[in-house]
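Listing of work-v8.csv; format and content: CSV, C-alpha atoms.
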```
chain,number,residue,atom,x,y,z
G,37,MET,CA,78.8,123.7,-112.0
G,38,LEU,CA,76.4,122.3,-109.4
G,39,ILE,CA,77.6,120.1,-106.6
G,40,VAL,CA,75.4,118.6,-103.9
G,41,GLU,CA,77.3,116.7,-101.2
G,42,ASP,CA,75.7,114.6,-98.4
G,43,LEU,CA,72.7,117.0,-98.3
G,44,VAL,CA,70.5,116.5,-95.2
G,45,LYS,CA,67.4,118.6,-94.3
G,46,GLN,CA,65.4,117.9,-91.2
G,47,PHE,CA,62.2,119.6,-90.0
G,48,GLY,CA,62.1,118.6,-86.3
G,49,ASP,CA,62.0,114.8,-86.2
G,50,PHE,CA,61.1,114.6,-89.9
G,51,THR,CA,64.0,114.0,-92.4
G,52,ALA,CA,62.9,115.5,-95.8
G,53,VAL,CA,66.3,114.9,-97.5
G,54,GLU,CA,68.7,112.3,-96.3
G,55,CYS,CA,72.4,112.3,-97.6
G,56,ILE,CA,71.7,113.2,-101.2
G,57,SER,CA,74.8,113.7,-103.4
G,58,PHE,CA,75.0,114.5,-107.1
G,59,GLU,CA,76.9,116.7,-109.6
G,60,ALA,CA,75.5,118.5,-112.7
G,61,LYS,CA,78.0,119.6,-115.4
G,62,LYS,CA,78.3,122.6,-117.7
G,63,GLY,CA,76.3,122.3,-120.9
G,64,SER,CA,74.0,119.5,-119.6
G,65,VAL,CA,70.5,118.8,-118.3
G,66,PHE,CA,70.4,116.9,-115.0
G,67,GLY,CA,67.0,115.5,-114.1
G,68,LEU,CA,65.7,115.3,-110.5
G,69,LEU,CA,62.8,112.8,-110.5
G,70,GLY,CA,60.5,111.6,-107.7
G,71,PRO,CA,56.9,111.4,-106.7
G,72,ASN,CA,55.2,114.2,-104.7
G,73,GLY,CA,56.8,114.3,-101.2
G,74,ALA,CA,60.0,112.7,-102.4
G,75,GLY,CA,62.2,115.7,-101.4
G,76,LYS,CA,62.6,117.4,-104.7
G,77,SER,CA,61.4,120.8,-103.7
G,78,THR,CA,63.3,120.7,-100.4
G,79,THR,CA,66.5,119.9,-102.4
G,80,ILE,CA,65.9,122.7,-104.8
G,81,ASN,CA,65.2,125.2,-101.9
G,82,CYS,CA,68.5,124.2,-100.3
G,83,ILE,CA,70.3,124.7,-103.6
G,84,SER,CA,68.7,128.1,-104.2
G,85,GLY,CA,69.5,129.2,-100.6
G,86,LEU,CA,65.8,129.5,-99.5
G,87,LEU,CA,66.5,126.7,-96.9
G,88,ARG,CA,69.6,126.1,-94.8
G,89,PRO,CA,70.7,122.5,-94.9
G,90,THR,CA,70.8,120.6,-91.6
G,91,SER,CA,74.1,119.3,-92.9
G,92,GLY,CA,76.0,118.8,-96.1
G,93,GLN,CA,77.2,121.2,-98.7
G,94,VAL,CA,75.9,122.8,-101.9
G,95,SER,CA,78.1,124.8,-104.4
G,96,VAL,CA,76.9,126.7,-107.5
G,97,ALA,CA,79.5,127.7,-110.1
G,98,GLY,CA,82.2,127.1,-107.5
G,99,PHE,CA,80.5,129.2,-104.7
G,100,ASP,CA,79.3,127.7,-101.5
G,101,VAL,CA,75.6,128.5,-101.1
G,102,GLN,CA,75.9,129.2,-97.4
G,103,LYS,CA,79.3,130.8,-97.1
G,104,GLN,CA,79.2,132.7,-100.4
G,105,ALA,CA,75.5,133.2,-100.7
G,106,ARG,CA,75.5,136.4,-102.8
G,107,SER,CA,77.8,135.0,-105.4
G,108,ALA,CA,76.1,131.7,-105.5
G,109,LYS,CA,72.6,133.2,-105.9
G,110,SER,CA,73.8,135.6,-108.6
G,111,SER,CA,75.0,132.6,-110.6
G,112,LEU,CA,71.5,131.0,-110.5
G,113,GLY,CA,68.5,131.4,-112.7
G,114,VAL,CA,65.4,130.0,-111.1
G,115,VAL,CA,62.2,129.1,-112.9
G,116,PRO,CA,59.7,128.0,-110.2
G,117,GLN,CA,56.7,125.8,-110.7
G,118,GLU,CA,54.4,128.6,-109.4
G,119,LEU,CA,54.6,131.5,-111.8
G,120,ALA,CA,56.8,134.3,-110.5
G,121,LEU,CA,55.3,137.2,-112.5
G,122,TYR,CA,53.8,140.6,-111.9
G,123,GLU,CA,50.5,140.3,-113.7
G,124,ASP,CA,49.9,144.0,-113.9
G,125,LEU,CA,53.3,144.9,-115.2
G,126,PRO,CA,54.0,144.6,-119.0
G,127,ALA,CA,56.0,141.6,-120.1
G,128,ILE,CA,59.0,143.8,-121.0
G,129,ASP,CA,59.0,145.4,-117.5
G,130,ASN,CA,58.8,142.0,-115.8
G,131,LEU,CA,62.1,141.2,-117.6
G,132,ARG,CA,63.6,144.6,-116.8
G,133,PHE,CA,62.7,144.1,-113.1
G,134,TRP,CA,64.4,140.8,-112.8
G,135,GLY,CA,67.4,142.0,-114.9
G,136,LYS,CA,67.9,144.9,-112.5
G,137,ALA,CA,67.5,142.6,-109.5
G,138,TYR,CA,70.6,140.7,-110.8
G,139,GLY,CA,72.6,143.9,-111.3
G,140,LEU,CA,72.0,144.6,-115.0
G,141,GLY,CA,71.4,148.2,-116.1
G,142,GLY,CA,71.6,150.7,-119.0
G,143,GLY,CA,72.2,149.5,-122.5
G,144,LYS,CA,73.3,146.0,-121.4
G,145,LEU,CA,69.9,145.5,-119.7
G,146,GLU,CA,67.9,146.7,-122.7
G,147,SER,CA,69.9,144.6,-125.1
G,148,ARG,CA,69.4,141.5,-122.9
G,149,VAL,CA,65.7,142.1,-122.5
G,150,SER,CA,65.3,142.5,-126.2
G,151,ALA,CA,67.2,139.2,-126.9
G,152,VAL,CA,65.1,137.3,-124.3
G,153,LEU,CA,61.8,138.6,-125.8
G,154,ASP,CA,62.9,137.1,-129.1
G,155,THR,CA,64.0,133.9,-127.5
G,156,ILE,CA,60.7,133.3,-125.7
G,157,GLY,CA,58.6,134.5,-128.7
G,158,LEU,CA,57.0,137.5,-127.1
G,159,ALA,CA,58.6,140.4,-128.8
G,160,ASP,CA,55.3,141.4,-130.4
G,161,ARG,CA,53.5,141.2,-127.1
G,162,ALA,CA,56.2,143.0,-125.0
G,163,LYS,CA,54.0,145.8,-123.8
G,164,GLU,CA,51.0,143.7,-122.9
G,165,LEU,CA,50.1,142.6,-119.4
G,166,PRO,CA,50.8,138.9,-118.4
G,167,LYS,CA,47.2,138.7,-117.0
G,168,LYS,CA,46.0,138.7,-120.6
G,169,PHE,CA,48.4,136.0,-121.7
G,170,SER,CA,47.6,132.3,-122.2
G,171,GLY,CA,49.1,129.8,-119.8
G,172,GLY,CA,51.8,128.8,-122.3
G,173,MET,CA,52.8,132.5,-122.8
G,174,LYS,CA,53.0,133.0,-119.1
G,175,ARG,CA,55.3,129.9,-118.8
G,176,ARG,CA,57.5,131.3,-121.5
G,177,LEU,CA,57.7,134.7,-119.8
G,178,ASN,CA,58.5,132.9,-116.5
G,179,PHE,CA,61.3,131.1,-118.3
G,180,GLY,CA,62.6,134.4,-119.7
G,181,CYS,CA,62.7,136.0,-116.2
G,182,GLY,CA,65.0,133.1,-115.2
G,183,ILE,CA,67.5,133.6,-118.0
G,184,VAL,CA,67.6,137.4,-118.4
G,185,HIS,CA,70.9,137.7,-116.5
G,186,SER,CA,72.5,134.8,-118.4
G,187,PRO,CA,73.1,132.6,-115.4
G,188,PRO,CA,75.6,129.7,-115.7
G,189,VAL,CA,73.3,127.4,-113.6
G,190,MET,CA,69.5,127.1,-113.9
G,191,LEU,CA,66.9,125.4,-111.7
G,192,LEU,CA,63.7,124.5,-113.6
G,193,ASP,CA,61.0,123.2,-111.4
G,194,GLU,CA,58.2,121.5,-113.4
G,195,PRO,CA,58.4,124.2,-116.1
G,196,THR,CA,55.7,122.7,-118.4
G,197,VAL,CA,52.9,122.3,-115.9
G,198,GLY,CA,49.6,123.3,-117.5
G,199,VAL,CA,50.8,124.3,-120.9
G,200,ASP,CA,49.5,123.3,-124.3
G,201,PRO,CA,51.5,121.0,-126.6
G,202,GLN,CA,52.8,123.8,-128.8
G,203,SER,CA,54.1,125.9,-125.9
G,204,ARG,CA,55.6,122.7,-124.3
G,205,GLU,CA,57.6,122.1,-127.4
G,206,ARG,CA,58.7,125.7,-127.4
G,207,LEU,CA,59.9,125.4,-123.8
G,208,PHE,CA,61.8,122.2,-124.8
G,209,GLU,CA,63.6,124.2,-127.5
G,210,MET,CA,64.5,126.9,-125.1
G,211,VAL,CA,65.9,124.4,-122.6
G,212,ARG,CA,68.0,122.8,-125.3
G,213,ALA,CA,69.2,126.3,-126.5
G,214,GLU,CA,70.4,127.2,-123.0
G,215,ARG,CA,72.1,123.8,-122.6
G,216,ASP,CA,73.9,124.3,-125.9
G,217,LYS,CA,75.1,127.7,-124.7
G,218,GLY,CA,76.9,125.9,-121.9
G,219,THR,CA,74.3,126.4,-119.1
G,220,CYS,CA,74.1,123.8,-116.4
G,221,ILE,CA,70.4,122.9,-116.0
G,222,LEU,CA,68.7,121.1,-113.1
G,223,TYR,CA,65.3,119.9,-114.3
G,224,THR,CA,62.5,118.5,-112.2
G,225,THR,CA,59.4,116.9,-113.8
G,226,HIS,CA,56.6,114.4,-113.2
G,227,TYR,CA,56.7,113.4,-116.9
G,228,MET,CA,59.2,110.7,-117.6
G,229,GLU,CA,58.9,111.3,-121.3
G,230,GLU,CA,60.3,114.8,-120.7
G,231,ALA,CA,63.3,113.3,-118.8
G,232,GLU,CA,64.0,110.8,-121.7
G,233,ARG,CA,63.9,113.6,-124.2
G,234,LEU,CA,65.8,116.3,-122.4
G,235,CYS,CA,68.0,114.9,-119.6
G,236,ASP,CA,71.6,113.8,-120.1
G,237,SER,CA,71.7,112.2,-116.6
G,238,LEU,CA,69.2,111.7,-113.8
G,239,ALA,CA,68.8,111.2,-110.1
G,240,ILE,CA,65.7,109.4,-108.8
G,241,ILE,CA,64.8,110.2,-105.2
G,242,ASP,CA,62.0,108.7,-103.0
G,243,HIS,CA,61.3,109.4,-99.3
G,244,GLY,CA,64.2,111.8,-99.2
G,245,LYS,CA,66.7,109.2,-100.3
G,246,LEU,CA,68.7,108.8,-103.6
G,247,ILE,CA,67.7,105.4,-105.0
G,248,ALA,CA,69.2,105.6,-108.5
G,249,GLN,CA,71.5,107.8,-110.5
G,250,GLY,CA,73.2,107.8,-113.9
G,251,SER,CA,72.7,108.6,-117.6
G,252,VAL,CA,69.4,107.8,-119.3
G,253,ALA,CA,71.1,104.8,-121.0
G,254,GLU,CA,72.6,103.5,-117.7
G,255,LEU,CA,69.4,103.7,-115.8
G,256,SER,CA,67.5,102.0,-118.7
G,257,ALA,CA,70.0,99.2,-118.7
G,258,GLN,CA,69.2,98.5,-115.0
G,259,LEU,CA,65.8,97.4,-116.0
G,260,GLY,CA,67.1,95.2,-118.8
G,261,ALA,CA,64.3,93.4,-120.7
G,262,ARG,CA,61.9,93.2,-117.8
G,263,ASP,CA,58.3,94.3,-118.5
G,264,VAL,CA,56.0,95.7,-115.8
G,265,LEU,CA,52.6,94.0,-115.5
G,266,GLN,CA,49.9,95.9,-113.5
G,267,LEU,CA,46.6,94.1,-112.7
G,268,SER,CA,43.5,95.7,-111.1
G,269,GLY,CA,40.8,93.8,-109.4
G,270,ALA,CA,40.8,92.0,-106.0
G,271,PHE,CA,43.7,90.0,-104.7
G,272,PRO,CA,43.8,88.4,-101.2
G,273,SER,CA,47.2,89.4,-99.8
G,274,ASP,CA,48.6,86.2,-98.4
G,275,GLU,CA,47.1,83.9,-101.0
G,276,THR,CA,48.4,86.1,-103.8
G,277,LYS,CA,52.0,86.0,-102.5
G,278,ARG,CA,51.9,82.3,-102.1
G,279,ALA,CA,50.5,81.8,-105.6
G,280,ILE,CA,53.3,83.9,-107.1
G,281,GLY,CA,55.9,82.1,-105.1
G,282,SER,CA,54.6,78.7,-106.2
G,283,LEU,CA,54.6,79.8,-109.8
G,284,VAL,CA,58.2,81.0,-109.6
G,285,ASP,CA,59.3,77.7,-107.9
G,286,SER,CA,57.4,75.5,-110.4
G,287,SER,CA,58.2,77.4,-113.7
G,288,GLY,CA,61.5,79.2,-112.9
G,289,LEU,CA,60.1,82.5,-114.1
G,290,ASP,CA,62.0,85.6,-113.1
G,291,LEU,CA,58.7,87.0,-111.7
G,292,GLU,CA,58.7,89.5,-108.9
G,293,LEU,CA,55.9,91.2,-107.0
G,294,ILE,CA,57.0,94.8,-106.5
G,295,ALA,CA,53.7,96.4,-105.2
G,296,GLN,CA,50.5,95.0,-103.8
G,297,GLU,CA,47.2,96.7,-102.7
G,298,GLU,CA,43.8,95.4,-102.0
G,299,ASP,CA,42.6,96.2,-105.5
G,300,SER,CA,45.9,96.0,-107.6
G,301,ILE,CA,49.2,94.3,-107.9
G,302,THR,CA,52.3,95.1,-109.9
G,303,LEU,CA,54.6,92.4,-111.2
G,304,THR,CA,57.9,92.5,-113.2
G,305,LEU,CA,59.3,89.8,-115.5
G,306,SER,CA,60.9,89.2,-118.8
G,307,SER,CA,58.7,88.5,-121.9
G,308,ALA,CA,55.6,89.0,-119.9
G,309,SER,CA,53.1,88.5,-122.8
G,310,GLN,CA,54.3,84.9,-123.2
G,311,HIS,CA,53.4,84.1,-119.5
G,312,LEU,CA,50.1,85.8,-119.1
G,313,PRO,CA,47.9,82.6,-119.1
G,314,ALA,CA,50.0,81.0,-116.4
G,315,ILE,CA,50.0,84.1,-114.2
G,316,PHE,CA,46.2,84.6,-114.6
G,317,GLN,CA,45.6,80.9,-113.8
G,318,ALA,CA,47.7,81.1,-110.7
G,319,LEU,CA,46.1,84.2,-109.4
G,320,SER,CA,42.6,82.9,-110.1
G,321,GLY,CA,43.4,79.8,-108.2
G,322,ALA,CA,44.4,81.9,-105.2
G,323,GLY,CA,41.0,83.7,-105.2
G,324,GLY,CA,42.1,86.7,-107.2
G,325,LYS,CA,39.7,88.5,-109.6
G,326,ILE,CA,41.3,90.4,-112.5
G,327,SER,CA,39.3,93.3,-114.0
G,328,GLU,CA,42.0,95.2,-115.9
G,329,THR,CA,45.4,94.5,-117.2
G,330,SER,CA,48.2,96.9,-118.2
G,331,LEU,CA,51.5,95.7,-119.7
G,332,ARG,CA,54.4,98.1,-120.2
G,333,SER,CA,57.6,97.5,-122.1
G,334,PRO,CA,60.9,98.6,-120.5
G,335,ASN,CA,61.5,102.4,-120.2
G,336,LEU,CA,62.4,104.9,-117.6
G,337,GLU,CA,58.8,105.0,-116.2
G,338,THR,CA,58.8,101.3,-115.7
G,339,LEU,CA,62.2,101.6,-114.0
G,340,PHE,CA,60.8,104.2,-111.7
G,341,LEU,CA,57.9,101.9,-110.9
G,342,LEU,CA,60.2,99.0,-110.3
G,343,LEU,CA,62.4,101.1,-107.9
G,344,THR,CA,59.7,102.8,-105.9
G,345,GLY,CA,56.6,100.6,-106.3
G,346,LYS,CA,54.6,103.7,-107.3
G,347,GLU,CA,53.7,105.7,-110.3
G,348,LEU,CA,55.8,108.8,-110.9
G,349,ARG,CA,52.7,111.1,-111.2
G,350,GLU,CA,51.4,110.1,-107.7
```
Structure rendered as structure tokens:
Amino acid sequence: MLIVEDLVKQFGDFTAVECISFEAKKGSVFGLLGPNGAGKSTTINCISGLLRPTSGQVSVAGFDVQKQARSAKSSLGVVPQELALYEDLPAIDNLRFWGKAYGLGGGKLESRVSAVLDTIGLADRAKELPKKFSGGMKRRLNFGCGIVHSPPVMLLDEPTVGVDPQSRERLFEMVRAERDKGTCILYTTHYMEEAERLCDSLAIIDHGKLIAQGSVAELSAQLGARDVLQLSGAFPSDETKRAIGSLVDSSGLDLELIAQEEDSITLTLSSASQHLPAIFQALSGAGGKISETSLRSPNLETLFLLLTGKELRE
């Protein structure tokens, strides 16, 4: 339903997206993950037709986004991170507006608007103005505007930003319901826990490049049993690298330094808790001072850290 092939987008000498390819299937949620500036928004803007790719091809529901733009765009439902609502227009009229924009009218429009109001839990607030709604209610209405025309493909860009836990769970339910209807959903998020709960498959991008792709299970298997150990404090650069190298040579640990700053280092290894004393001793001997320790068991967030050397929420 959604095919991205060798997508490249350049702005002058800057390459925002470099040869990204992936496919998202009918009745599935495909996660697009990456830190700020990774190229997620540029990719979404190319898919939705807001940006013209420098090269590569994007097709939505079998329609080329550039050559068959009208058909491709009519097959898309877009739920942007920034709320796309008319604050002084009642909720029901926001839905009517977007339904008409996609060609609905008459009884079909009214039937669909009524069904969407029930889906998003705002049937009893239909005639109220969005400016009086809570953040969670606005997010649900924003979602409703994206599904009012029953699109076969949806783009959800950080749909749960700034919502309360109850509204977040409601949004999850709505995403799953659309998936179960057969909708193909592209979902971007900074919350790895959301990806683990919702996504059938993922693509991780950083600096405009695709660095990992697969199902949640396949990507988790890449990490294996390796833990991620983050230490804060002060760590002399060269001495720290030599100390870790010596520890690996002398003990045979599968220890790897994946990120280093003046005030922090990030290591990955198996069964990290069993080797903490040796690691602390080696770093201390190299002039390091440890003020805080964080140990994470293998999950998608530690995989992201391992692949990129940075936190997902940066």
So the first atom is atom CA of Ser251 of chain G and the second is atom CA of Glu232 of chain G; what is the distance between them in Å, to one decimal place?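 Between atom CA of Ser251 of chain G and atom CA of Glu232 of chain G the gap works out to 9.9 Å.
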d(atom CA of Pro187 of chain G, atom CA of Thr219 of chain G) in Å: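 Taking atom CA of Pro187 of chain G and atom CA of Thr219 of chain G, their separation equals 7.3 Å.
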Gly73 of chain G surroundings by all atoms listed in the file, 9 Å radius, close-in-sequence under 4 positions cut, as a list in words: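 Residues near the query, excluding close chain neighbours: Ala52, Ser77, Asp242, His243 and Gly244 of chain G.
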Within 10 Å of Ile39 of chain G, counting only C-alpha atoms, which residues show up once you throw out same-chain ones fewer than 2 positions away? Write them as a list of chain:residue names, please. G:Met37, G:Glu41, G:Ser57, G:Phe58, G:Glu59, G:Ala60, G:Lys61, G:Ile83, G:Gln93, G:Val94, G:Ser95, G:Val96, G:Ala97, G:Gly98, G:Phe99, G:Asp100
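Using only C-alpha atoms, the smallest distance between any of G:Ser300, G:Thr338, G:Ser64, G:Ser84 and Arg212 of chain G comes from G:Ser64.
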Can you list, as a PyMOL selection string, every protein, DNA or RNA residue that comes within 12 Å of segment 80-82 of chain G when you count only C-alpha atoms, leaving out same-chain residues fewer than 4 positions away? chain G and resi 38-41+43-46+52-53+56+67-69+74-76+86-96+100-102+105+108-109+112+114-117+190-194+222-224
Output file request: segment 92-125 of chain G, with C-alpha atoms, as a PDB file, in the first residue's frame.
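This went into decode39.pdb:
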```pdb
ATOM      1  CA  GLY G  92      13.515   8.133  -6.022  1.00  0.00           C
ATOM      2  CA  GLN G  93       9.881   7.150  -6.114  1.00  0.00           C
ATOM      3  CA  VAL G  94       6.940   7.042  -3.709  1.00  0.00           C
ATOM      4  CA  SER G  95       3.653   5.272  -4.398  1.00  0.00           C
ATOM      5  CA  VAL G  96       0.494   5.318  -2.264  1.00  0.00           C
ATOM      6  CA  ALA G  97      -2.177   2.681  -2.872  1.00  0.00           C
ATOM      7  CA  GLY G  98      -0.601   2.001  -6.261  1.00  0.00           C
ATOM      8  CA  PHE G  99      -0.452   5.670  -7.325  1.00  0.00           C
ATOM      9  CA  ASP G 100       2.799   7.505  -7.985  1.00  0.00           C
ATOM     10  CA  VAL G 101       2.853  10.564  -5.705  1.00  0.00           C
ATOM     11  CA  GLN G 102       4.423  12.776  -8.402  1.00  0.00           C
ATOM     12  CA  LYS G 103       2.825  11.454 -11.592  1.00  0.00           C
ATOM     13  CA  GLN G 104      -0.618  10.644 -10.125  1.00  0.00           C
ATOM     14  CA  ALA G 105      -0.658  13.225  -7.359  1.00  0.00           C
ATOM     15  CA  ARG G 106      -4.423  13.711  -7.062  1.00  0.00           C
ATOM     16  CA  SER G 107      -5.198   9.991  -6.769  1.00  0.00           C
ATOM     17  CA  ALA G 108      -2.292   9.408  -4.378  1.00  0.00           C
ATOM     18  CA  LYS G 109      -3.262  12.278  -2.091  1.00  0.00           C
ATOM     19  CA  SER G 110      -6.932  11.271  -2.046  1.00  0.00           C
ATOM     20  CA  SER G 111      -5.789   7.851  -0.786  1.00  0.00           C
ATOM     21  CA  LEU G 112      -3.963   9.398   2.173  1.00  0.00           C
ATOM     22  CA  GLY G 113      -5.146  10.396   5.615  1.00  0.00           C
ATOM     23  CA  VAL G 114      -2.697  12.707   7.343  1.00  0.00           C
ATOM     24  CA  VAL G 115      -2.630  13.349  11.101  1.00  0.00           C
ATOM     25  CA  PRO G 116       0.142  15.939  11.598  1.00  0.00           C
ATOM     26  CA  GLN G 117       2.050  16.595  14.789  1.00  0.00           C
ATOM     27  CA  GLU G 118       0.857  20.207  14.783  1.00  0.00           C
ATOM     28  CA  LEU G 119      -2.911  20.272  15.238  1.00  0.00           C
ATOM     29  CA  ALA G 120      -4.703  20.942  11.944  1.00  0.00           C
ATOM     30  CA  LEU G 121      -8.003  22.210  13.363  1.00  0.00           C
ATOM     31  CA  TYR G 122     -10.175  25.283  13.012  1.00  0.00           C
ATOM     32  CA  GLU G 123     -10.472  26.349  16.646  1.00  0.00           C
ATOM     33  CA  ASP G 124     -13.548  28.541  16.070  1.00  0.00           C
ATOM     34  CA  LEU G 125     -15.435  25.917  14.053  1.00  0.00           C
TER      35      LEU G 125
END
```
